[in-house]
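**Student:** One structure coming up, written as structure tokens, with questions to follow.
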Amino acid sequence: MAGESHDPLAAAYPFLQWVNMTLTHIRCTDCGCKDVKAQRTYTIKHGEQRIIYACASCGGTFSSTSNTPMAHLKTPISVIAQVLSALTEGMGINAVTRLYGVSKNSIYRWQERLSGLKKLYCCLR
């Protein structure tokens with residue numbers, strides 16, 4: 001249809017059409033170039049959308065979680081944050097697994113993956 005945007009970023013996050021600011025520059029994970037464009041989106045568990053970016057310089061593609069502890073995770077980052085927050089606030093692991101529908105092994109893997117971030121963050125303050 002005429003007038004519709006074919007931008008995958010706009011399709012995945014329609015509310016961003018009103019936001020005209022960039023908080024951080026996305027860089028290519030292969031060459032470090034800033035000339036990257038949203039190429040397409042994909043859907044993970046619970047319907048959350050993630051964006052695949054393409055680099056104009058080297059032609060590489062990557063997602064917003066590439067080269068991070070969150071890479072290759074199928075569970076939305078928001079769910080992982082809620083689960084880990086509930087555990088931090090004192091909720092038992094059995095209650096958390098029932099409430100959020102995740103396995104204990106998933107929770108243990110998330111804790112292991114993200115444990116280094118707290119140490120790094122504490123050192124930066």
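Following the order of the structure tokens, chains are lettered A, B, ..., residues in each are numbered from 1, and ligands are numbered from 1.
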Tell me, as number ranges by chain, which residues lie within 10 Å of A:Val79, counting only C-alpha atoms; anything in the same chain fewer than 4 positions away does not count.
**Tutor:** A: 46, 75, 83-85, 100, 102
**Student:** Which residues are close to stretch 33-45 of chain A, i.e. within 7 Å by only C-alpha atoms, leaving aside same-chain residues fewer than 5 positions away? Reply as a PyMOL selection string.
**Tutor:** chain A and resi 8-9+12+25-28+50-57+74-76
**Student:** With N, CA and C atoms retained, export the selected residues as a compact mmCIF listing (two decimals), in the first residue's frame.
**Tutor:**
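The resulting file, again-v5.txt, is reproduced below:
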# COMPACT_ATOMS: atom_id res chain seq x y z
N PRO A 8 11.78 -2.44 8.76
CA PRO A 8 11.45 -3.46 9.76
C PRO A 8 11.45 -2.92 11.18
N LEU A 9 12.26 -1.92 11.44
CA LEU A 9 12.28 -1.33 12.78
C LEU A 9 10.95 -0.65 13.07
N ALA A 12 8.25 -3.31 13.67
CA ALA A 12 8.35 -4.01 14.96
C ALA A 12 8.01 -3.10 16.13
N HIS A 25 24.90 4.51 19.59
CA HIS A 25 25.08 4.14 18.19
C HIS A 25 25.34 2.65 18.12
N ILE A 26 24.61 1.99 17.25
CA ILE A 26 24.82 0.57 17.05
C ILE A 26 25.98 0.42 16.09
N ARG A 27 26.92 -0.43 16.45
CA ARG A 27 28.08 -0.68 15.61
C ARG A 27 28.09 -2.12 15.15
N CYS A 28 28.65 -2.33 13.98
CA CYS A 28 28.79 -3.67 13.44
C CYS A 28 29.67 -4.49 14.38
N ARG A 50 12.89 -9.07 17.92
CA ARG A 50 14.27 -8.59 17.92
C ARG A 50 14.62 -8.20 16.50
N ILE A 51 15.61 -7.35 16.38
CA ILE A 51 15.97 -6.78 15.08
C ILE A 51 17.29 -7.35 14.61
N ILE A 52 17.35 -7.67 13.32
CA ILE A 52 18.60 -8.06 12.67
C ILE A 52 19.09 -6.83 11.91
N TYR A 53 20.33 -6.44 12.16
CA TYR A 53 20.94 -5.29 11.50
C TYR A 53 21.91 -5.78 10.43
N ALA A 54 22.10 -4.96 9.40
CA ALA A 54 23.05 -5.25 8.33
C ALA A 54 24.05 -4.09 8.25
N CYS A 55 25.32 -4.44 8.10
CA CYS A 55 26.38 -3.44 7.98
C CYS A 55 26.58 -3.09 6.51
N ALA A 56 26.59 -1.80 6.21
CA ALA A 56 26.79 -1.33 4.84
C ALA A 56 28.24 -1.49 4.40
N SER A 57 29.16 -1.53 5.35
CA SER A 57 30.57 -1.61 5.03
C SER A 57 31.04 -3.03 4.71
N LYS A 74 16.36 -17.46 23.98
CA LYS A 74 15.04 -17.43 23.36
C LYS A 74 14.01 -16.71 24.23
N THR A 75 14.28 -16.61 25.51
CA THR A 75 13.36 -15.96 26.44
C THR A 75 13.55 -14.44 26.37
N PRO A 76 12.47 -13.68 26.35
CA PRO A 76 12.60 -12.22 26.31
C PRO A 76 13.40 -11.69 27.50
**Student:** Can you pull out every residue within 12 Å of A:His72, counting only C-alpha atoms, but drop anything in the same chain fewer than 5 positions away, and send it as a PDB file with N, CA and C atoms, in the first residue's frame?
**Tutor:**
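So the final result, stored in part_16.pdb, reads:
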ATOM      1  N   ILE A  44      10.850 -14.075  18.998  1.00  0.00           N
ATOM      2  CA  ILE A  44      11.285 -15.099  19.933  1.00  0.00           C
ATOM      3  C   ILE A  44      10.093 -15.512  20.791  1.00  0.00           C
ATOM      4  N   LYS A  45      10.341 -16.373  21.749  1.00  0.00           N
ATOM      5  CA  LYS A  45       9.314 -16.863  22.658  1.00  0.00           C
ATOM      6  C   LYS A  45       8.511 -15.705  23.242  1.00  0.00           C
ATOM      7  N   ARG A  50      12.887  -9.070  17.919  1.00  0.00           N
ATOM      8  CA  ARG A  50      14.270  -8.593  17.924  1.00  0.00           C
ATOM      9  C   ARG A  50      14.625  -8.201  16.503  1.00  0.00           C
ATOM     10  N   PHE A  62      23.840  -8.933  12.227  1.00  0.00           N
ATOM     11  CA  PHE A  62      23.900  -9.210  13.655  1.00  0.00           C
ATOM     12  C   PHE A  62      22.640  -8.705  14.318  1.00  0.00           C
ATOM     13  N   SER A  63      22.392  -9.175  15.525  1.00  0.00           N
ATOM     14  CA  SER A  63      21.223  -8.706  16.276  1.00  0.00           C
ATOM     15  C   SER A  63      21.691  -7.797  17.405  1.00  0.00           C
ATOM     16  N   SER A  64      20.736  -7.196  18.074  1.00  0.00           N
ATOM     17  CA  SER A  64      21.076  -6.279  19.163  1.00  0.00           C
ATOM     18  C   SER A  64      21.671  -7.005  20.360  1.00  0.00           C
ATOM     19  N   THR A  65      21.525  -8.320  20.427  1.00  0.00           N
ATOM     20  CA  THR A  65      22.105  -9.069  21.550  1.00  0.00           C
ATOM     21  C   THR A  65      23.400  -9.791  21.178  1.00  0.00           C
ATOM     22  N   SER A  66      23.858  -9.654  19.936  1.00  0.00           N
ATOM     23  CA  SER A  66      25.102 -10.305  19.520  1.00  0.00           C
ATOM     24  C   SER A  66      26.263  -9.855  20.388  1.00  0.00           C
ATOM     25  N   ASN A  67      27.138 -10.780  20.698  1.00  0.00           N
ATOM     26  CA  ASN A  67      28.340 -10.515  21.510  1.00  0.00           C
ATOM     27  C   ASN A  67      28.006  -9.974  22.896  1.00  0.00           C
ATOM     28  N   ILE A  77      14.184 -10.669  27.239  1.00  0.00           N
ATOM     29  CA  ILE A  77      15.018 -10.054  28.269  1.00  0.00           C
ATOM     30  C   ILE A  77      14.155  -9.559  29.427  1.00  0.00           C
ATOM     31  N   TRP A 110      20.914 -18.487  33.358  1.00  0.00           N
ATOM     32  CA  TRP A 110      20.857 -17.027  33.288  1.00  0.00           C
ATOM     33  C   TRP A 110      21.717 -16.407  34.375  1.00  0.00           C
ATOM     34  N   ARG A 113      25.375 -16.780  33.342  1.00  0.00           N
ATOM     35  CA  ARG A 113      25.727 -15.878  32.244  1.00  0.00           C
ATOM     36  C   ARG A 113      25.852 -14.431  32.703  1.00  0.00           C
TER      37      ARG A 113
END
**Student:** Between atom CA of A:Thr29 and atom CA of A:Ser115, what distance in Å does the model show, to one decimal?
**Tutor:**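 Calculated distance between atom CA of A:Thr29 and atom CA of A:Ser115 is 22.7 Å.
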